[in-house]
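Just below is one structure, and these are the notes that go with it.
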Amino acid sequence: MSRVSEIMETMEYGPSVEDSTAVRDWLAQRESFGHFIGGAFTDGGASFETRDPATGEILARIAQGSEADVTAAVAAARAAQPGWAALSGTERARHLYALARHVQKRERFLSVLEVLDNGKPIREARDIDVPLVARHFYHHAGWAELRDSQFPGHAPLGVCGQIIPWNFPLLMLAWKIAPALAAGNTVVLKPAEYTSLTALAFAEICQEIGLPAGVVNIVTGDGATGAALVASDVDKIAFTGSTEVGRGIARALAGTGRRLTLELGGKSPFVVMEDADLDAAVEGVVDSIWFNQGQVCCAGSRILVAEAVAPRFEDLLHARMARLRVGAPLDKSTDLGAIVDPVQKDRILSICQAAVKAGAELVGGQPQEGCFIAPGYLRNIAPANPGMAQEIFGPIATLSTFRTADEAIELANATRYGLAGSVWSESATVATDLAARIKAGVIWINGANMFDAAAPFGGMRDSGHGREGGHAGMLDYLTGPAIAPPARTVPKPPAAGAPRIDRTAKLYIGGAQKRPDGGAMYAVPGGLAPQGSRKDIRNAVEAAAKAGKWAAMGGHARAQVLYFIAENFAARRNEFAARTSPAEVEAALARAFHYAAWADKFDGRTVQAKPGHLVTVIPEPLGIIGITCPNGQPLAGFLSLVLPAIAMGNAVVAIPAEGDPLPVMDLCQVFDTSDLPGGVVNVVTGAGAELSPHLAAHEEVAAFWHAGAAGDLAAIDQAAGGTVTPVWSIPPRDWTGLQAQGESFLHHATRQKTIWLPYGA
Ligand code: NAI
């Protein structure tokens, strides 16, 4: 007679299929869907089929949005926006609470609809996607209530265009719509063409709860509809999807001054240290790369395992993988459902084939009939293998080994992406060290793919910029405090009686005066300034890249350097006043003291995500910031921008006021005598229009602040779009005034890193 444990081992799972009758009835009643514009569904027009990827069955017809549909939706959102923004926080919150409650009431319906349209397992839709959707609306109802007190002086952006992918259709909708509405914006959202149905069901919920017409508009369609939305009269585009499309959107928006946040692809590392709990780490892989068939932007798709434990880890992994069930998504015991579309299945398989051709060994990962692929991983894979660089976006990880923690970090960061990372170690020292050194927006310690509305999510480098969730996410849907126009915009001539020094300045690169590459000079008040070139910009960025220790010094040490700069600057205040004006020098000096004070105080926060999880959001320096300074008020303008950037630990390459750069070049002597490490501040004088696009296009430049000529913005945006670099276009202001300093500068000088640490379990 068999023992119970043996029976358990050999027992087959019987099917346990979730009932889909209610959803099928709902689909049968509608058959084809128009757009949701101004609170009502349109009649449609051109349309396409949407299918269940698990069976190929046609579910409904979806309208293909035209330019005219997008225009109508944007007009409806525009008309509704003032009324929506004028509601009290409590009234907006009530609507968001109602959306949350109605999503909760329909949890089962929405889960089943999502499964039919997308192919994900019902267990995931029911236990992860839909509860997180409700959580997002609840959390942001709170932000609606608290907006005015927590974001004083801020205002909504207006109308937001939002474009989402097909991997988490309803969840991505919630991530986009909830913060936008909480802040007082109205939206036009375009779901992905494969998965529009839950967005349309959500539109019905908007009607049901009495959301004012036009606050949420949904236009369905493919990439052409998305492109029409990007080209329309919206105030912001929020996009989640592929890096390639994100790059195109950044370029399409060049010069418009419209806000943009991008949540793009990833190739996130999953690092298993020698002392990790290997069983837990294997479960982590399941949650990481086999969750949602691996169609997850933050999937831990590159498994890096310590050589000493690699054989045992792989044995465990292999055994676990063999027990995963691939099959009918509506079956409650299915682990991996269908790939979203045959096109994506082919794409995954072709990357795997290329990886195998280049020498990797594929374990598992075989295609199955229909839209299914078994879980798998690529081993013996060289760093240059295409499977290592490309986002596979399917249930196939890569597995490689390392010997030391330094090597692990090097491998983890050997990618253009920077979305997430997962680290496994029983040592708090080792785990937090890795968490700090991996270049990514979100790090999970001893965990994977944990999400919450309070925990900001987003990336860096080719994974995009901007945050979704929590306080940081709200800021991406608000304008900063209002700025009064500048009192004067023309460069001020030197004060009467200024010494007529005729001097020839040099560039300031790597802490030293440097002759410009071409040797050309141009006349400026007080003498000659170097005509910097593309090569000088490159040299300056290289010098800035070597200043990494500045970030590691910590706020306290940086504050001391900034105070020292202030002191040395104060000692020469009369000389600088004669070259600019006493008022400007005093304002510039005040900036130095202000940011010295802030250097060790711009703190992160610990957020209440899930119980039993310590979730910390830390503002990190971005790296190298490229800055163009305003013309007029050359000293105050320069310091108002450079000081907050370096106070937060960044290095800068600045292009000072083209018409009057010499006061800044003199200031560089102050830097030299103030213990500022070489390379932290680099200054290249010359023609802003010519130099700034080179600076913005440089791969090493992490962010660009443009306060120079408005006409240069389009070229800067174009250049930055290629490297997915965020550009902050800073409106003109009186650079000696208080509105030229403050926390919004520090916010732009940092990026939030969210670190998850489960505890007490
Ligand atoms: P995609 O980036 O083309 O699609 C995402 C969304 O953008 C969809 O709503 C689509 O209609 C829209 N879109 C497409 N072209 C557009 C354009 N020119 N202007 C405005 N909107 C546009 O992604 P796709 O082709 O569905 O998937 C291809 C690969 O992209 C995947 O295999 C994966 O590697 C990556 N991807 C990454 C996602 C992420 O969450 N980071 C999500 C989806 C795809």
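If you're wondering about the labels, chains in the structure tokens are A, B, ... by order shown, residues count from 1 in each chain, ligands from 1 in order shown.
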Quiz item: Skipping near chain neighbours, those fewer than 3 positions away, what residues fall within 7 Å of Asn631 (chain A) using only C-alpha atoms, listed as a ChimeraX atom specification?
Solution: /A:491,634,657-659,708
I want to know what sits within 9 Å of region 96-106 of chain A, based on only C-alpha atoms, with residues of the same chain fewer than 2 positions away left out; could you give that as a short mmCIF file (atom, residue, chain, number, x, y, z; two decimals) with N, CA and C atoms, in the first residue's frame?
```
data_model
loop_
_atom_site.label_atom_id
_atom_site.label_comp_id
_atom_site.auth_asym_id
_atom_site.auth_seq_id
_atom_site.Cartn_x
_atom_site.Cartn_y
_atom_site.Cartn_z
N GLU A 91 -13.75 65.67 -2.52
CA GLU A 91 -14.68 65.23 -3.57
C GLU A 91 -13.97 64.35 -4.61
N ARG A 92 -12.75 64.75 -4.97
CA ARG A 92 -12.00 63.90 -5.91
C ARG A 92 -11.72 62.55 -5.25
N ALA A 93 -11.37 62.60 -3.97
CA ALA A 93 -11.08 61.36 -3.24
C ALA A 93 -12.29 60.42 -3.25
N ARG A 94 -13.49 61.00 -3.09
CA ARG A 94 -14.70 60.16 -3.06
C ARG A 94 -14.86 59.38 -4.36
N ARG A 108 -13.82 39.28 -9.33
CA ARG A 108 -13.86 38.02 -10.06
C ARG A 108 -14.10 38.29 -11.55
N PHE A 109 -15.06 39.17 -11.85
CA PHE A 109 -15.38 39.48 -13.24
C PHE A 109 -14.15 40.03 -13.96
N LEU A 110 -13.51 41.00 -13.33
CA LEU A 110 -12.37 41.65 -14.00
C LEU A 110 -11.20 40.67 -14.15
N SER A 111 -11.03 39.80 -13.16
CA SER A 111 -9.94 38.82 -13.25
C SER A 111 -10.17 37.89 -14.44
N VAL A 130 -5.67 42.32 -9.86
CA VAL A 130 -6.89 43.08 -9.52
C VAL A 130 -6.85 43.64 -8.09
N PRO A 131 -6.36 42.89 -7.09
CA PRO A 131 -6.24 43.53 -5.76
C PRO A 131 -5.32 44.75 -5.79
N VAL A 133 -4.95 46.74 -8.28
CA VAL A 133 -5.70 47.82 -8.95
C VAL A 133 -6.54 48.56 -7.90
N ALA A 134 -7.26 47.80 -7.09
CA ALA A 134 -8.10 48.42 -6.05
C ALA A 134 -7.22 49.20 -5.08
N ARG A 135 -6.13 48.58 -4.68
CA ARG A 135 -5.19 49.23 -3.74
C ARG A 135 -4.71 50.57 -4.32
N HIS A 136 -4.45 50.59 -5.62
CA HIS A 136 -3.94 51.82 -6.24
C HIS A 136 -4.97 52.95 -6.16
N PHE A 137 -6.22 52.61 -6.40
CA PHE A 137 -7.25 53.66 -6.32
C PHE A 137 -7.48 54.11 -4.88
N TYR A 138 -7.46 53.18 -3.95
CA TYR A 138 -7.61 53.59 -2.54
C TYR A 138 -6.47 54.51 -2.12
N HIS A 139 -5.25 54.06 -2.41
CA HIS A 139 -4.08 54.84 -1.99
C HIS A 139 -4.14 56.26 -2.57
N HIS A 140 -4.52 56.36 -3.83
CA HIS A 140 -4.53 57.67 -4.47
C HIS A 140 -5.75 58.50 -4.09
N ALA A 141 -6.80 57.85 -3.62
CA ALA A 141 -7.89 58.64 -3.04
C ALA A 141 -7.30 59.45 -1.89
N GLY A 142 -6.42 58.83 -1.13
CA GLY A 142 -5.75 59.54 -0.03
C GLY A 142 -4.92 60.71 -0.53
N ALA A 144 -5.47 62.41 -3.21
CA ALA A 144 -6.39 63.46 -3.66
C ALA A 144 -6.78 64.33 -2.47
N ALA A 178 -4.96 56.57 -11.65
CA ALA A 178 -5.19 56.97 -10.25
C ALA A 178 -4.38 58.21 -9.85
N LEU A 181 -5.64 61.47 -11.75
CA LEU A 181 -6.92 62.01 -11.26
C LEU A 181 -6.76 62.61 -9.86
N ALA A 182 -5.96 61.94 -9.03
CA ALA A 182 -5.77 62.45 -7.66
C ALA A 182 -5.18 63.85 -7.71
N PHE A 202 -13.59 49.00 -17.33
CA PHE A 202 -13.33 50.07 -16.36
C PHE A 202 -14.10 51.34 -16.75
N ILE A 205 -17.35 51.18 -15.37
CA ILE A 205 -17.34 51.47 -13.93
C ILE A 205 -17.32 52.99 -13.70
N CYS A 206 -16.58 53.70 -14.56
CA CYS A 206 -16.54 55.17 -14.44
C CYS A 206 -17.96 55.74 -14.60
N GLU A 208 -20.73 54.11 -14.05
CA GLU A 208 -21.52 53.59 -12.92
C GLU A 208 -21.35 54.43 -11.65
N ILE A 209 -20.14 54.88 -11.40
CA ILE A 209 -19.93 55.63 -10.15
C ILE A 209 -20.20 57.12 -10.34
N LEU A 211 -18.56 59.26 -12.38
CA LEU A 211 -17.38 60.10 -12.59
C LEU A 211 -17.76 61.16 -13.63
#
```
Protein and nucleic residues near ligand 1, 8 Å, only C-alpha atoms and all ligand atoms, as a PDB file with N, CA and C atoms, in the first residue's frame:
```pdb
ATOM      1  N   ILE A 163      -0.321  55.881 -22.374  1.00  0.00           N
ATOM      2  CA  ILE A 163      -0.245  54.741 -23.302  1.00  0.00           C
ATOM      3  C   ILE A 163       0.318  53.554 -22.538  1.00  0.00           C
ATOM      4  N   ILE A 164      -0.413  52.439 -22.565  1.00  0.00           N
ATOM      5  CA  ILE A 164      -0.016  51.315 -21.709  1.00  0.00           C
ATOM      6  C   ILE A 164       0.166  50.026 -22.521  1.00  0.00           C
ATOM      7  N   PRO A 165       0.898  49.083 -21.967  1.00  0.00           N
ATOM      8  CA  PRO A 165       1.159  47.821 -22.662  1.00  0.00           C
ATOM      9  C   PRO A 165       0.143  46.746 -22.298  1.00  0.00           C
ATOM     10  N   TRP A 166       0.423  45.541 -22.764  1.00  0.00           N
ATOM     11  CA  TRP A 166      -0.555  44.459 -22.661  1.00  0.00           C
ATOM     12  C   TRP A 166      -0.240  43.467 -21.559  1.00  0.00           C
ATOM     13  N   ASN A 167       0.878  43.662 -20.848  1.00  0.00           N
ATOM     14  CA  ASN A 167       1.268  42.607 -19.890  1.00  0.00           C
ATOM     15  C   ASN A 167       0.480  42.655 -18.576  1.00  0.00           C
ATOM     16  N   LYS A 190      -4.795  55.149 -23.790  1.00  0.00           N
ATOM     17  CA  LYS A 190      -4.866  54.172 -24.878  1.00  0.00           C
ATOM     18  C   LYS A 190      -4.332  52.831 -24.392  1.00  0.00           C
ATOM     19  N   PRO A 191      -5.221  51.842 -24.293  1.00  0.00           N
ATOM     20  CA  PRO A 191      -4.738  50.513 -23.900  1.00  0.00           C
ATOM     21  C   PRO A 191      -3.990  49.861 -25.062  1.00  0.00           C
ATOM     22  N   ALA A 192      -3.306  48.762 -24.790  1.00  0.00           N
ATOM     23  CA  ALA A 192      -2.618  48.040 -25.859  1.00  0.00           C
ATOM     24  C   ALA A 192      -3.638  47.322 -26.735  1.00  0.00           C
ATOM     25  N   GLU A 193      -3.304  47.173 -28.002  1.00  0.00           N
ATOM     26  CA  GLU A 193      -4.273  46.604 -28.947  1.00  0.00           C
ATOM     27  C   GLU A 193      -4.643  45.158 -28.625  1.00  0.00           C
ATOM     28  N   GLY A 221      -6.920  51.175 -29.914  1.00  0.00           N
ATOM     29  CA  GLY A 221      -6.245  51.164 -31.214  1.00  0.00           C
ATOM     30  C   GLY A 221      -4.814  50.710 -31.067  1.00  0.00           C
ATOM     31  N   ASP A 222      -4.090  50.742 -32.193  1.00  0.00           N
ATOM     32  CA  ASP A 222      -2.720  50.246 -32.174  1.00  0.00           C
ATOM     33  C   ASP A 222      -1.710  51.384 -32.034  1.00  0.00           C
ATOM     34  N   GLY A 223      -0.489  51.119 -32.484  1.00  0.00           N
ATOM     35  CA  GLY A 223       0.574  52.113 -32.356  1.00  0.00           C
ATOM     36  C   GLY A 223       0.246  53.428 -33.056  1.00  0.00           C
ATOM     37  N   ALA A 224      -0.500  53.355 -34.158  1.00  0.00           N
ATOM     38  CA  ALA A 224      -0.838  54.592 -34.891  1.00  0.00           C
ATOM     39  C   ALA A 224      -1.738  55.479 -34.015  1.00  0.00           C
ATOM     40  N   THR A 225      -2.640  54.844 -33.289  1.00  0.00           N
ATOM     41  CA  THR A 225      -3.502  55.611 -32.368  1.00  0.00           C
ATOM     42  C   THR A 225      -2.637  56.221 -31.261  1.00  0.00           C
ATOM     43  N   GLY A 226      -1.678  55.430 -30.774  1.00  0.00           N
ATOM     44  CA  GLY A 226      -0.757  55.930 -29.747  1.00  0.00           C
ATOM     45  C   GLY A 226       0.020  57.132 -30.271  1.00  0.00           C
ATOM     46  N   ALA A 227       0.500  57.018 -31.516  1.00  0.00           N
ATOM     47  CA  ALA A 227       1.279  58.125 -32.099  1.00  0.00           C
ATOM     48  C   ALA A 227       0.406  59.372 -32.233  1.00  0.00           C
ATOM     49  N   ALA A 228      -0.881  59.169 -32.568  1.00  0.00           N
ATOM     50  CA  ALA A 228      -1.791  60.325 -32.684  1.00  0.00           C
ATOM     51  C   ALA A 228      -1.976  60.988 -31.320  1.00  0.00           C
ATOM     52  N   LEU A 229      -2.004  60.191 -30.285  1.00  0.00           N
ATOM     53  CA  LEU A 229      -2.150  60.760 -28.934  1.00  0.00           C
ATOM     54  C   LEU A 229      -0.894  61.556 -28.556  1.00  0.00           C
ATOM     55  N   VAL A 230       0.259  61.016 -28.932  1.00  0.00           N
ATOM     56  CA  VAL A 230       1.517  61.722 -28.643  1.00  0.00           C
ATOM     57  C   VAL A 230       1.538  63.073 -29.370  1.00  0.00           C
ATOM     58  N   PHE A 239       4.091  56.922 -20.647  1.00  0.00           N
ATOM     59  CA  PHE A 239       4.158  55.743 -21.508  1.00  0.00           C
ATOM     60  C   PHE A 239       4.788  54.574 -20.789  1.00  0.00           C
ATOM     61  N   THR A 240       4.222  53.397 -20.939  1.00  0.00           N
ATOM     62  CA  THR A 240       4.885  52.157 -20.531  1.00  0.00           C
ATOM     63  C   THR A 240       4.895  51.239 -21.734  1.00  0.00           C
ATOM     64  N   GLY A 241       6.076  50.714 -22.049  1.00  0.00           N
ATOM     65  CA  GLY A 241       6.198  49.822 -23.193  1.00  0.00           C
ATOM     66  C   GLY A 241       7.652  49.634 -23.559  1.00  0.00           C
ATOM     67  N   SER A 242       7.902  49.391 -24.833  1.00  0.00           N
ATOM     68  CA  SER A 242       9.261  49.068 -25.253  1.00  0.00           C
ATOM     69  C   SER A 242      10.148  50.314 -25.295  1.00  0.00           C
ATOM     70  N   THR A 243      11.444  50.095 -25.123  1.00  0.00           N
ATOM     71  CA  THR A 243      12.402  51.201 -25.142  1.00  0.00           C
ATOM     72  C   THR A 243      12.394  51.883 -26.506  1.00  0.00           C
ATOM     73  N   GLU A 244      12.263  51.091 -27.542  1.00  0.00           N
ATOM     74  CA  GLU A 244      12.291  51.654 -28.893  1.00  0.00           C
ATOM     75  C   GLU A 244      11.156  52.662 -29.100  1.00  0.00           C
ATOM     76  N   VAL A 245       9.950  52.271 -28.714  1.00  0.00           N
ATOM     77  CA  VAL A 245       8.815  53.187 -28.872  1.00  0.00           C
ATOM     78  C   VAL A 245       8.980  54.392 -27.931  1.00  0.00           C
ATOM     79  N   GLY A 246       9.467  54.145 -26.729  1.00  0.00           N
ATOM     80  CA  GLY A 246       9.689  55.237 -25.768  1.00  0.00           C
ATOM     81  C   GLY A 246      10.636  56.289 -26.314  1.00  0.00           C
ATOM     82  N   GLY A 248      11.183  56.916 -29.456  1.00  0.00           N
ATOM     83  CA  GLY A 248      10.481  57.628 -30.527  1.00  0.00           C
ATOM     84  C   GLY A 248       9.547  58.686 -29.955  1.00  0.00           C
ATOM     85  N   ILE A 249       8.886  58.373 -28.860  1.00  0.00           N
ATOM     86  CA  ILE A 249       7.953  59.327 -28.235  1.00  0.00           C
ATOM     87  C   ILE A 249       8.728  60.532 -27.713  1.00  0.00           C
ATOM     88  N   GLU A 263       8.279  54.410 -18.779  1.00  0.00           N
ATOM     89  CA  GLU A 263       8.603  53.182 -18.053  1.00  0.00           C
ATOM     90  C   GLU A 263       8.826  52.133 -19.120  1.00  0.00           C
ATOM     91  N   LEU A 264      10.109  51.803 -19.346  1.00  0.00           N
ATOM     92  CA  LEU A 264      10.453  51.003 -20.519  1.00  0.00           C
ATOM     93  C   LEU A 264      10.935  49.607 -20.127  1.00  0.00           C
ATOM     94  N   GLY A 265      11.684  49.016 -20.988  1.00  0.00           N
ATOM     95  CA  GLY A 265      12.054  47.619 -20.779  1.00  0.00           C
ATOM     96  C   GLY A 265      13.096  47.419 -19.699  1.00  0.00           C
ATOM     97  N   GLY A 266      13.488  46.180 -19.536  1.00  0.00           N
ATOM     98  CA  GLY A 266      14.512  45.858 -18.544  1.00  0.00           C
ATOM     99  C   GLY A 266      15.162  44.525 -18.839  1.00  0.00           C
ATOM    100  N   GLN A 295       6.490  37.917 -19.082  1.00  0.00           N
ATOM    101  CA  GLN A 295       6.168  39.173 -19.798  1.00  0.00           C
ATOM    102  C   GLN A 295       6.051  40.298 -18.768  1.00  0.00           C
ATOM    103  N   VAL A 296       7.158  40.570 -18.138  1.00  0.00           N
ATOM    104  CA  VAL A 296       7.189  41.534 -17.040  1.00  0.00           C
ATOM    105  C   VAL A 296       8.411  42.425 -17.247  1.00  0.00           C
ATOM    106  N   CYS A 297       8.181  43.744 -17.243  1.00  0.00           N
ATOM    107  CA  CYS A 297       9.308  44.634 -17.549  1.00  0.00           C
ATOM    108  C   CYS A 297      10.416  44.509 -16.511  1.00  0.00           C
ATOM    109  N   CYS A 298      10.064  44.197 -15.255  1.00  0.00           N
ATOM    110  CA  CYS A 298      11.075  44.135 -14.197  1.00  0.00           C
ATOM    111  C   CYS A 298      11.437  42.693 -13.862  1.00  0.00           C
ATOM    112  N   GLN A 344       4.187  37.644 -30.340  1.00  0.00           N
ATOM    113  CA  GLN A 344       5.126  37.677 -29.216  1.00  0.00           C
ATOM    114  C   GLN A 344       5.774  36.301 -29.016  1.00  0.00           C
ATOM    115  N   ARG A 347       8.510  36.036 -31.395  1.00  0.00           N
ATOM    116  CA  ARG A 347       9.600  36.932 -31.023  1.00  0.00           C
ATOM    117  C   ARG A 347      10.480  36.279 -29.944  1.00  0.00           C
ATOM    118  N   ILE A 348       9.826  35.690 -28.962  1.00  0.00           N
ATOM    119  CA  ILE A 348      10.551  35.022 -27.871  1.00  0.00           C
ATOM    120  C   ILE A 348      11.385  33.876 -28.433  1.00  0.00           C
ATOM    121  N   GLN A 390      19.352  41.271 -24.991  1.00  0.00           N
ATOM    122  CA  GLN A 390      17.982  41.614 -25.390  1.00  0.00           C
ATOM    123  C   GLN A 390      16.955  41.228 -24.338  1.00  0.00           C
ATOM    124  N   GLU A 391      15.925  42.048 -24.251  1.00  0.00           N
ATOM    125  CA  GLU A 391      14.819  41.710 -23.368  1.00  0.00           C
ATOM    126  C   GLU A 391      14.002  40.622 -24.066  1.00  0.00           C
ATOM    127  N   ILE A 392      13.985  39.410 -23.499  1.00  0.00           N
ATOM    128  CA  ILE A 392      13.276  38.302 -24.164  1.00  0.00           C
ATOM    129  C   ILE A 392      11.766  38.443 -23.973  1.00  0.00           C
ATOM    130  N   PHE A 393      11.367  38.945 -22.816  1.00  0.00           N
ATOM    131  CA  PHE A 393       9.956  39.172 -22.512  1.00  0.00           C
ATOM    132  C   PHE A 393       9.134  37.895 -22.657  1.00  0.00           C
ATOM    133  N   GLY A 394       9.701  36.824 -22.140  1.00  0.00           N
ATOM    134  CA  GLY A 394       9.033  35.537 -22.140  1.00  0.00           C
ATOM    135  C   GLY A 394       9.595  34.724 -20.981  1.00  0.00           C
ATOM    136  N   SER A 463      15.813  52.090 -19.203  1.00  0.00           N
ATOM    137  CA  SER A 463      14.519  51.684 -18.639  1.00  0.00           C
ATOM    138  C   SER A 463      13.603  52.875 -18.398  1.00  0.00           C
TER     139      SER A 463
END
```
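The space between CA of Val664 (chain A) and CA of Val683 (chain A) spans 8.5 Å.
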If we count only C-alpha atoms, what is near Tyr595 (chain A) at a cut-off of 8 Å, once residues fewer than 4 positions away on the same chain are taken out, given as a PDB file with C-alpha atoms, in the first residue's frame?
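Saved to part_37.pdb:
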```pdb
ATOM      1  CA  ALA A 559      28.106  70.152   3.091  1.00  0.00           C
ATOM      2  CA  LEU A 562      29.862  73.768   0.041  1.00  0.00           C
ATOM      3  CA  ARG A 591      22.521  79.840  -2.607  1.00  0.00           C
ATOM      4  CA  ALA A 599      23.340  68.583   1.493  1.00  0.00           C
ATOM      5  CA  LEU A 643      24.900  73.916  -6.331  1.00  0.00           C
ATOM      6  CA  PRO A 644      21.750  71.820  -5.798  1.00  0.00           C
ATOM      7  CA  ALA A 647      24.919  69.102  -3.089  1.00  0.00           C
TER       8      ALA A 647
END
```
Per residue of region 330-431 of chain A within 7 Å of region 48-65 of chain A, record the nearest atom pair and its distance in Å to one decimal, counting only C-alpha atoms, with rows in chain order and ascending residue number, as JSON lines.
```
{"residue": "A:Ala338", "atom": "CA", "partner": "A:Ala54", "partner_atom": "CA", "distance": 5.3}
{"residue": "A:Ile339", "atom": "CA", "partner": "A:Pro53", "partner_atom": "CA", "distance": 6.9}
{"residue": "A:Val340", "atom": "CA", "partner": "A:Pro53", "partner_atom": "CA", "distance": 5.7}
{"residue": "A:Asp341", "atom": "CA", "partner": "A:Pro53", "partner_atom": "CA", "distance": 5.7}
{"residue": "A:Gly370", "atom": "CA", "partner": "A:Ala54", "partner_atom": "CA", "distance": 6.8}
{"residue": "A:Cys371", "atom": "CA", "partner": "A:Ala54", "partner_atom": "CA", "distance": 6.1}
```
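With CA of Leu157 (chain A) on one side and CA of Cys629 (chain A) on the other, the separation reads 25.1 Å.
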Practice problem: From a DSSP pass on the backbone, collect the residues of region 266-392 of chain A flagged as alpha helix (DSSP H) and hand them back as a ChimeraX atom specification. | Solution: /A:278-289,310-322,342-357,386-389
Quiz prompt | Spatial neighbours of Phe313 (chain A), 9 Å, only C-alpha atoms, chain gap at least 6 places, as an NGL selection string | solution = :A and (272 or 278-279 or 281-282 or 305)
Practice problem: For Ala654 (chain A), list every protein, DNA or RNA residue within 9 Å, evaluated using only C-alpha atoms, and leave out those in the same chain fewer than 6 positions away; present the list as JSON, numbers by chain. | Solution: {"A": [625, 626, 627, 628, 629, 638, 642, 681, 682, 683, 684, 685]}
Grab the residues selected above and save them as a PDB file, in the first residue's frame with N, CA and C atoms.
```pdb
ATOM      1  N   ILE A 625      25.037  65.455 -14.510  1.00  0.00           N
ATOM      2  CA  ILE A 625      23.953  66.300 -15.023  1.00  0.00           C
ATOM      3  C   ILE A 625      24.560  67.332 -15.981  1.00  0.00           C
ATOM      4  N   GLY A 626      24.006  67.411 -17.170  1.00  0.00           N
ATOM      5  CA  GLY A 626      24.395  68.456 -18.121  1.00  0.00           C
ATOM      6  C   GLY A 626      23.515  69.674 -17.870  1.00  0.00           C
ATOM      7  N   ILE A 627      24.113  70.846 -17.833  1.00  0.00           N
ATOM      8  CA  ILE A 627      23.334  72.051 -17.492  1.00  0.00           C
ATOM      9  C   ILE A 627      23.652  73.176 -18.478  1.00  0.00           C
ATOM     10  N   THR A 628      22.603  73.818 -19.005  1.00  0.00           N
ATOM     11  CA  THR A 628      22.818  75.075 -19.728  1.00  0.00           C
ATOM     12  C   THR A 628      22.284  76.193 -18.837  1.00  0.00           C
ATOM     13  N   CYS A 629      23.087  77.225 -18.673  1.00  0.00           N
ATOM     14  CA  CYS A 629      22.733  78.293 -17.731  1.00  0.00           C
ATOM     15  C   CYS A 629      22.030  79.437 -18.452  1.00  0.00           C
ATOM     16  N   PHE A 638      24.141  80.417 -12.677  1.00  0.00           N
ATOM     17  CA  PHE A 638      25.039  79.252 -12.633  1.00  0.00           C
ATOM     18  C   PHE A 638      24.957  78.545 -11.271  1.00  0.00           C
ATOM     19  N   VAL A 642      23.976  74.744 -10.406  1.00  0.00           N
ATOM     20  CA  VAL A 642      25.086  73.819 -10.129  1.00  0.00           C
ATOM     21  C   VAL A 642      25.084  73.371  -8.662  1.00  0.00           C
ATOM     22  N   VAL A 681      32.703  69.737 -10.810  1.00  0.00           N
ATOM     23  CA  VAL A 681      32.129  70.806 -11.648  1.00  0.00           C
ATOM     24  C   VAL A 681      33.059  71.007 -12.848  1.00  0.00           C
ATOM     25  N   ASN A 682      32.487  70.957 -14.027  1.00  0.00           N
ATOM     26  CA  ASN A 682      33.243  71.190 -15.255  1.00  0.00           C
ATOM     27  C   ASN A 682      32.508  72.260 -16.041  1.00  0.00           C
ATOM     28  N   VAL A 683      33.240  73.185 -16.602  1.00  0.00           N
ATOM     29  CA  VAL A 683      32.589  74.297 -17.294  1.00  0.00           C
ATOM     30  C   VAL A 683      33.174  74.428 -18.702  1.00  0.00           C
ATOM     31  N   VAL A 684      32.293  74.388 -19.670  1.00  0.00           N
ATOM     32  CA  VAL A 684      32.712  74.548 -21.066  1.00  0.00           C
ATOM     33  C   VAL A 684      31.976  75.764 -21.613  1.00  0.00           C
ATOM     34  N   THR A 685      32.712  76.803 -21.953  1.00  0.00           N
ATOM     35  CA  THR A 685      32.083  78.014 -22.494  1.00  0.00           C
ATOM     36  C   THR A 685      31.937  77.877 -24.013  1.00  0.00           C
TER      37      THR A 685
END
```
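Checking A:Thr404, A:Gln633, A:Thr750, A:Asn446 one by one against Ser427 (chain A), counting only C-alpha atoms, you find the shortest gap at A:Asn446.
Closest to Thr256 (chain A) among A:Asp734, A:Glu743, A:Asp717, A:Asp129 is A:Asp717, based on only C-alpha atoms.
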